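Working notes, beginning with the structure itself.
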Amino acid sequence: MMGNTFGRLFRVTTCGESYSGFFRKSPDIPKELYGGLLTIVDGVPAGIKITAEAIQNELDKRKPGQTPLDSPRLEKDIAYIFSGVMENHLSTGGPVGIVIPNNDIEDIHVDQYRDYKDTIRPGHAEYTFFKKYGQYADWVGAGRASGRETVSRVAGGAVAKLVLDEMGIDVIAYTIESHGIKAKPLSYEETKANYRKNELNCPDLEVAPKMIADILQVKAKGDTCGGVVEVITRGVPAGLGEPVFDKLEAVLAHALMSIGAVKGVEFGAGFAFALLVGAESNDEAYVDESTGRVRFHTNHAGGFLGGISNGDEIRVRLAIKPTPTVSVKQRTVNVETMTDDVLEPITRRDASLLPRIYPVCEAMARIAILDAILMAKGYRAVTKIDEKWDRI
Ligand SMILES: Cc1cc2nc3c(=O)[nH]c(=O)nc-3n(C[C@H](O)[C@H](O)[C@H](O)COP(=O)(O)O)c2cc1C
């Protein structure tokens, strides 16, 4: 399996699965080391204060079993820092290693997966994993395709957050639509003040209870539903990203689309550009009197021009598909017997991914942005352009 690292200078590598630690259970191994998730963060600047509490804070946002909307799995998701940090919690500049043991793996859970290990779950990754990894494919809870994998991204993103916080760069992700029910547009300030006030992370406090009631109705039928998450990044300097293959938009899309169940991405006006004429869609420029710098009257572009950040807030929306595992009979195939089959799984799952996916979106955006900052600053340090261009 390849591609377990994201980033070029700020690099986050993850490993670990959902349930496979079960097979390494042994009296000779401390329980915490049977299995879980590991994160290695490379490129962390020296002198950053990194506490286990700060990482835990982020992990707790995506922890399962917190509301009736998400998976009843009872992982504690405790993060242990094991490298890269010394006295007074300050980073040394070495790789920061973080371990997150799995602790809610019982025989019954593994047996549930064993019962239908040859029967592919519609909407989940078994078919493609069988095609690629054959008889070695991890059949216990989807292995690397499990939502569990995302906890290690959140740990990496938590380290990025500590660096970005010092630079005044803020990332928030929240629900703007659930199963067709839309939140009303709100200002950044209202959104930031309200988005953590309900289990769906929807800043529209009037519509959130309707969304929640709807998800619970869907769940009562054994089904699941999806929605739309918006991610805003504020405080990003102009000049991040490369103009051709590594456009910041493309890198961010890569970061965010690599999260399981994210099926669509749009920046700024996104698909609504198709409805506009050019003069409406362009963001007109002006000189801001207070700073003497170029600014834009609107932000249809979502924070980029030519793949390079323009200093405006970066606005991304993500389509989140319904959780694939549903307790509804669906047609499928048993790949051992190669016969048609019917599946109605009983394993644990989230009725909607919206309550738990937002910290993963924030984490991936932070990792991508910090990586782009290190690239841009490194490039700028060895580039001799007139300082005038730093002031426009
Ligand atoms: C935080 C999070 C939790 C998830 N939990 C579940 C789950 O409980 N059950 C499930 O079937 N899929 C879950 N998923 C979705 C699957 O990981 C994803 O649909 C699967 O890997 C297939 O990938 P794709 O949907 O991108 O094609 C979760 C995803 C995330 C991001």
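All residue names refer to the structure tokens as shown: chains lettered A, B, ... in order, residues numbered from 1 in each chain, ligands numbered from 1 in order.
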>> Taking 6 positions as the minimum chain separation for residues in the same chain, which residues sit within 9 Å of A:Gly260 when counting only C-alpha atoms? Answer as a PyMOL selection string.
In response: chain A and resi 145-147+150+320
> Counting only C-alpha atoms and all ligand atoms, what residues are within 10 Å of ligand 1, given as a PyMOL selection string?
Replying inline: chain A and resi 62-64+70-73+121-126+128+141-151+154+224+257-263+320-326+345+347-361
Go ahead and save the residues from that selection, with C-alpha atoms, as a compact mmCIF listing (two decimals), in the first residue's frame.
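Heads up, here's the output in part-v9.txt:
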# COMPACT_ATOMS: atom_id res chain seq x y z
CA ARG A 62 -14.19 13.38 16.33
CA LYS A 63 -14.40 10.76 19.08
CA PRO A 64 -17.21 8.26 18.42
CA ASP A 70 -22.64 8.80 15.52
CA SER A 71 -21.14 5.35 15.90
CA PRO A 72 -21.70 3.67 19.29
CA ARG A 73 -18.09 2.50 19.16
CA ARG A 121 -20.59 -4.07 1.60
CA PRO A 122 -22.27 -1.83 -1.01
CA GLY A 123 -20.72 1.66 -0.91
CA HIS A 124 -17.69 0.55 1.13
CA ALA A 125 -14.20 -0.33 -0.09
CA GLU A 126 -14.23 -4.17 0.07
CA THR A 128 -11.67 -2.55 -4.63
CA GLY A 141 -13.91 -3.11 9.80
CA ALA A 142 -12.40 -1.95 6.50
CA GLY A 143 -8.77 -1.63 7.65
CA ARG A 144 -7.19 1.49 6.14
CA ALA A 145 -10.55 2.39 4.53
CA SER A 146 -12.14 2.67 7.96
CA GLY A 147 -13.23 6.06 9.27
CA ARG A 148 -11.03 5.08 12.24
CA GLU A 149 -7.99 5.95 10.11
CA THR A 150 -8.99 9.60 10.25
CA VAL A 151 -8.13 9.90 13.94
CA VAL A 154 -6.62 14.72 13.26
CA THR A 224 -27.88 6.78 6.88
CA MET A 257 -10.87 14.50 -1.12
CA SER A 258 -8.54 11.95 0.49
CA ILE A 259 -10.97 11.77 3.44
CA GLY A 260 -13.32 8.78 3.15
CA ALA A 261 -16.85 9.64 2.00
CA VAL A 262 -15.92 13.08 0.58
CA LYS A 263 -17.30 12.95 -2.96
CA ILE A 320 -20.27 14.08 2.13
CA LYS A 321 -21.97 10.87 1.07
CA PRO A 322 -24.23 8.87 3.39
CA THR A 323 -22.34 6.35 5.56
CA PRO A 324 -22.13 3.22 3.39
CA THR A 325 -22.98 0.65 6.11
CA VAL A 326 -26.78 0.47 6.35
CA PRO A 345 -25.00 -5.55 8.20
CA THR A 347 -21.97 -3.65 12.64
CA ARG A 348 -21.52 -0.26 14.30
CA ARG A 349 -21.63 2.83 12.11
CA ASP A 350 -22.42 6.58 12.09
CA ALA A 351 -25.98 7.48 11.03
CA SER A 352 -24.44 10.61 9.52
CA LEU A 353 -20.78 11.45 9.16
CA LEU A 354 -21.44 15.17 9.68
CA PRO A 355 -20.95 15.17 13.48
CA ARG A 356 -17.47 13.63 13.20
CA ILE A 357 -16.03 14.58 9.83
CA TYR A 358 -15.55 18.32 10.47
CA PRO A 359 -12.38 17.98 12.63
CA VAL A 360 -10.92 15.72 9.94
CA CYS A 361 -11.62 18.42 7.31
>> Calculated over only C-alpha atoms, which of the candidates A:Asn194, A:Ser187, A:Thr383, A:Ser83 has the smallest distance to A:Ala52?
In response: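 Ranking A:Asn194, A:Ser187, A:Thr383, A:Ser83 by distance to A:Ala52, first place goes to A:Ser83.
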>> When DSSP is applied to the backbone of this structure, which of stretch 95-280 of chain A are assigned strand (DSSP E or B)? Write them out as a PyMOL selection string.
In response: chain A and resi 96-101+119+170-178+181-182+225+227-234+262-267
Let's have the selection written as an mmCIF file, in the first residue's frame, with N, CA and C atoms.
data_model
loop_
_atom_site.group_PDB
_atom_site.id
_atom_site.type_symbol
_atom_site.label_atom_id
_atom_site.label_comp_id
_atom_site.auth_asym_id
_atom_site.auth_seq_id
_atom_site.Cartn_x
_atom_site.Cartn_y
_atom_site.Cartn_z
ATOM 1 N N VAL A 96 7.618 14.446 15.231
ATOM 2 C CA VAL A 96 6.717 14.275 16.374
ATOM 3 C C VAL A 96 5.917 12.995 16.134
ATOM 4 N N GLY A 97 6.077 12.043 17.060
ATOM 5 C CA GLY A 97 5.341 10.778 16.956
ATOM 6 C C GLY A 97 4.189 10.768 17.936
ATOM 7 N N ILE A 98 3.048 10.297 17.471
ATOM 8 C CA ILE A 98 1.856 10.240 18.330
ATOM 9 C C ILE A 98 1.229 8.846 18.198
ATOM 10 N N VAL A 99 0.919 8.206 19.330
ATOM 11 C CA VAL A 99 0.279 6.881 19.327
ATOM 12 C C VAL A 99 -1.138 7.022 19.868
ATOM 13 N N ILE A 100 -2.081 6.387 19.194
ATOM 14 C CA ILE A 100 -3.471 6.388 19.674
ATOM 15 C C ILE A 100 -3.951 4.927 19.688
ATOM 16 N N PRO A 101 -3.900 4.258 20.843
ATOM 17 C CA PRO A 101 -4.300 2.844 20.879
ATOM 18 C C PRO A 101 -5.800 2.676 20.607
ATOM 19 N N THR A 119 -18.501 -11.128 1.755
ATOM 20 C CA THR A 119 -19.632 -10.453 1.104
ATOM 21 C C THR A 119 -19.352 -8.956 1.101
ATOM 22 N N ASP A 170 -6.620 30.681 10.984
ATOM 23 C CA ASP A 170 -7.731 30.002 11.645
ATOM 24 C C ASP A 170 -8.501 29.160 10.622
ATOM 25 N N VAL A 171 -8.764 27.910 10.950
ATOM 26 C CA VAL A 171 -9.533 27.031 10.053
ATOM 27 C C VAL A 171 -10.778 26.564 10.807
ATOM 28 N N ILE A 172 -11.960 26.724 10.188
ATOM 29 C CA ILE A 172 -13.161 26.136 10.801
ATOM 30 C C ILE A 172 -13.945 25.376 9.733
ATOM 31 N N ALA A 173 -14.491 24.234 10.129
ATOM 32 C CA ALA A 173 -15.333 23.432 9.230
ATOM 33 C C ALA A 173 -16.646 23.158 9.943
ATOM 34 N N TYR A 174 -17.751 23.217 9.211
ATOM 35 C CA TYR A 174 -19.060 23.087 9.859
ATOM 36 C C TYR A 174 -20.076 22.623 8.828
ATOM 37 N N THR A 175 -21.221 22.166 9.337
ATOM 38 C CA THR A 175 -22.275 21.627 8.474
ATOM 39 C C THR A 175 -23.127 22.757 7.916
ATOM 40 N N ILE A 176 -23.325 22.745 6.580
ATOM 41 C CA ILE A 176 -24.257 23.737 6.011
ATOM 42 C C ILE A 176 -25.474 23.059 5.371
ATOM 43 N N GLU A 177 -25.439 21.743 5.280
ATOM 44 C CA GLU A 177 -26.585 21.032 4.691
ATOM 45 C C GLU A 177 -26.563 19.589 5.172
ATOM 46 N N SER A 178 -27.750 19.064 5.507
ATOM 47 C CA SER A 178 -27.843 17.654 5.890
ATOM 48 C C SER A 178 -29.059 17.057 5.205
ATOM 49 N N ILE A 181 -31.605 19.418 3.884
ATOM 50 C CA ILE A 181 -32.022 20.548 4.733
ATOM 51 C C ILE A 181 -30.843 21.516 4.829
ATOM 52 N N LYS A 182 -31.086 22.773 4.404
ATOM 53 C CA LYS A 182 -29.965 23.725 4.285
ATOM 54 C C LYS A 182 -29.948 24.722 5.441
ATOM 55 N N CYS A 225 -27.535 9.088 6.139
ATOM 56 C CA CYS A 225 -27.655 10.172 5.159
ATOM 57 C C CYS A 225 -26.422 11.062 5.186
ATOM 58 N N GLY A 227 -24.496 15.015 3.518
ATOM 59 C CA GLY A 227 -24.690 16.458 3.609
ATOM 60 C C GLY A 227 -23.531 17.233 3.018
ATOM 61 N N VAL A 228 -23.421 18.480 3.425
ATOM 62 C CA VAL A 228 -22.371 19.352 2.898
ATOM 63 C C VAL A 228 -21.654 20.023 4.073
ATOM 64 N N VAL A 229 -20.319 20.000 4.020
ATOM 65 C CA VAL A 229 -19.492 20.673 5.038
ATOM 66 C C VAL A 229 -18.767 21.826 4.348
ATOM 67 N N GLU A 230 -18.727 22.971 5.005
ATOM 68 C CA GLU A 230 -17.961 24.102 4.472
ATOM 69 C C GLU A 230 -16.706 24.291 5.338
ATOM 70 N N VAL A 231 -15.597 24.618 4.681
ATOM 71 C CA VAL A 231 -14.332 24.846 5.408
ATOM 72 C C VAL A 231 -13.844 26.250 5.056
ATOM 73 N N ILE A 232 -13.607 27.058 6.081
ATOM 74 C CA ILE A 232 -13.084 28.414 5.854
ATOM 75 C C ILE A 232 -11.713 28.526 6.516
ATOM 76 N N THR A 233 -10.768 29.082 5.788
ATOM 77 C CA THR A 233 -9.451 29.362 6.367
ATOM 78 C C THR A 233 -9.232 30.862 6.292
ATOM 79 N N ARG A 234 -8.946 31.464 7.426
ATOM 80 C CA ARG A 234 -8.713 32.920 7.492
ATOM 81 C C ARG A 234 -7.288 33.219 7.906
ATOM 82 N N VAL A 262 -15.849 11.745 1.215
ATOM 83 C CA VAL A 262 -15.923 13.076 0.580
ATOM 84 C C VAL A 262 -16.000 12.848 -0.930
ATOM 85 N N LYS A 263 -17.082 13.263 -1.549
ATOM 86 C CA LYS A 263 -17.301 12.953 -2.965
ATOM 87 C C LYS A 263 -17.370 14.175 -3.869
ATOM 88 N N GLY A 264 -17.285 15.361 -3.302
ATOM 89 C CA GLY A 264 -17.324 16.550 -4.154
ATOM 90 C C GLY A 264 -16.634 17.697 -3.456
ATOM 91 N N VAL A 265 -16.054 18.600 -4.262
ATOM 92 C CA VAL A 265 -15.377 19.755 -3.673
ATOM 93 C C VAL A 265 -15.605 20.960 -4.583
ATOM 94 N N GLU A 266 -15.911 22.101 -3.974
ATOM 95 C CA GLU A 266 -15.993 23.326 -4.775
ATOM 96 C C GLU A 266 -15.397 24.488 -3.985
ATOM 97 N N PHE A 267 -14.751 25.400 -4.706
ATOM 98 C CA PHE A 267 -14.094 26.547 -4.085
ATOM 99 C C PHE A 267 -14.856 27.816 -4.455
#
>> When you count only C-alpha atoms, which of these residues is closest to A:Glu32: A:Phe245, A:Tyr80, A:Tyr133, A:Phe6?
In response: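 Of the candidates, the smallest distance to A:Glu32 is held by A:Tyr80.
In this comparison, which uses only C-alpha atoms, the residue of A:Leu276, A:Leu205, A:Leu74, A:Leu38 approaching A:Gly16 most closely is A:Leu38.
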Wanna dump the stretch 27-142 of chain A-stretch 370-379 of chain A contacts at 10 Å for me, each residue with its shortest atom pair and the distance in Å to one decimal, counting only C-alpha atoms, ordered by chain and number, as JSON lines?
{"residue": "A:Gly43", "atom": "CA", "partner": "A:Asp371", "partner_atom": "CA", "distance": 8.7}
{"residue": "A:Val44", "atom": "CA", "partner": "A:Leu370", "partner_atom": "CA", "distance": 9.9}
{"residue": "A:Pro45", "atom": "CA", "partner": "A:Leu374", "partner_atom": "CA", "distance": 9.8}
For the residues selected in the previous step, produce a file with C-alpha atoms as a short mmCIF file (atom, residue, chain, number, x, y, z; two decimals), in the first residue's frame.
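Written out: selection31.cif:
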data_model
loop_
_atom_site.label_atom_id
_atom_site.label_comp_id
_atom_site.auth_asym_id
_atom_site.auth_seq_id
_atom_site.Cartn_x
_atom_site.Cartn_y
_atom_site.Cartn_z
CA GLY A 43 8.88 19.25 9.37
CA VAL A 44 7.65 20.57 12.71
CA PRO A 45 9.48 23.81 13.53
#
>> List the spatial neighbours of A:Val328 as number ranges by chain - criterion: any atom at most 8 Å away, only C-alpha atoms, same-chain residues fewer than 4 positions off excluded.
In response: A: 221-223, 343-345
> So which residues of stretch 89-179 of chain A fall under alpha helix (DSSP H) by DSSP, listed as a PyMOL selection string?
Replying inline: chain A and resi 107-115+126-133+150-166
> With only C-alpha atoms as the atoms that count, which of A:His297, A:Ala368, A:Ile215, A:Val140 lies nearest to A:Phe23?
Replying inline: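 Ranked by minimum distance to A:Phe23, first place goes to A:Val140.
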Near-A:Arg24 list (9 Å; only C-alpha atoms; drop same-chain fewer than 6 positions) as a compact mmCIF listing (two decimals) with C-alpha atoms, in the first residue's frame:
# COMPACT_ATOMS: atom_id res chain seq x y z
CA LEU A 33 0.33 -1.82 21.79
CA TYR A 34 -1.91 -4.49 20.21
CA GLY A 35 -2.98 -2.01 17.62
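Taking only C-alpha atoms into account, A:Met338 lies nearest to A:Ile120 out of the set A:Leu69, A:Ile120, A:Val163, A:Ile48.
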Show me, as a Markdown table, the residues of stretch 243-264 of chain A having an atom within 9 Å of stretch 300-315 of chain A, each with the closest atom pair and its distance in Å, using only C-alpha atoms.
| residue | atom | partner | partner_atom | distance |
| --- | --- | --- | --- | --- |
| A:Pro243 | CA | A:Gly307 | CA | 5.4 |
| A:Val244 | CA | A:Gly307 | CA | 7.5 |
| A:Asp246 | CA | A:Gly307 | CA | 7.7 |
| A:Lys247 | CA | A:Gly307 | CA | 4.1 |
| A:Leu248 | CA | A:Gly307 | CA | 5.3 |
| A:Glu249 | CA | A:Gly307 | CA | 5.8 |
| A:Ala250 | CA | A:Gly307 | CA | 7.6 |
Output N, CA and C atoms for every residue in the selection just made, as a PDB file, in the first residue's frame.
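Contents of again_29.pdb, as written:
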ATOM      1  N   PRO A 243       1.952  27.587  -9.550  1.00  0.00           N
ATOM      2  CA  PRO A 243       0.963  27.891 -10.591  1.00  0.00           C
ATOM      3  C   PRO A 243       0.552  26.746 -11.510  1.00  0.00           C
ATOM      4  N   VAL A 244       1.240  25.632 -11.489  1.00  0.00           N
ATOM      5  CA  VAL A 244       0.899  24.602 -12.489  1.00  0.00           C
ATOM      6  C   VAL A 244       0.296  23.356 -11.803  1.00  0.00           C
ATOM      7  N   ASP A 246       0.861  22.041  -8.869  1.00  0.00           N
ATOM      8  CA  ASP A 246       0.675  22.134  -7.415  1.00  0.00           C
ATOM      9  C   ASP A 246      -0.079  23.391  -7.017  1.00  0.00           C
ATOM     10  N   LYS A 247      -1.090  23.746  -7.806  1.00  0.00           N
ATOM     11  CA  LYS A 247      -1.974  24.857  -7.404  1.00  0.00           C
ATOM     12  C   LYS A 247      -2.461  24.590  -5.983  1.00  0.00           C
ATOM     13  N   LEU A 248      -2.555  25.643  -5.151  1.00  0.00           N
ATOM     14  CA  LEU A 248      -3.000  25.409  -3.764  1.00  0.00           C
ATOM     15  C   LEU A 248      -4.410  24.804  -3.750  1.00  0.00           C
ATOM     16  N   GLU A 249      -5.248  25.245  -4.704  1.00  0.00           N
ATOM     17  CA  GLU A 249      -6.589  24.641  -4.797  1.00  0.00           C
ATOM     18  C   GLU A 249      -6.500  23.135  -5.021  1.00  0.00           C
ATOM     19  N   ALA A 250      -5.583  22.747  -5.913  1.00  0.00           N
ATOM     20  CA  ALA A 250      -5.449  21.329  -6.246  1.00  0.00           C
ATOM     21  C   ALA A 250      -4.918  20.541  -5.046  1.00  0.00           C
TER      22      ALA A 250
END
> Expressed in Å to a single decimal, how great is the separation between atom CA of A:Lys210 and atom CA of A:Thr67?
Replying inline: 15.6 Å
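By only C-alpha atoms, and with residues fewer than 2 positions from A:Asp42 along its chain excluded, the set lying at most 8 Å from it is Leu9, Phe10, Arg11, Val12, Ile40, Val44, Gly94, Pro95 and Val96 of chain A.
Going from atom CA of A:Met1 over to atom CA of A:Ala363, you cover 22.5 Å.
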> From the set A:Val110, A:Lys384, A:Ser152, A:Ala54, which residue has the shortest atom-to-atom contact distance to A:Cys15, counting only C-alpha atoms?
Replying inline: A:Ser152
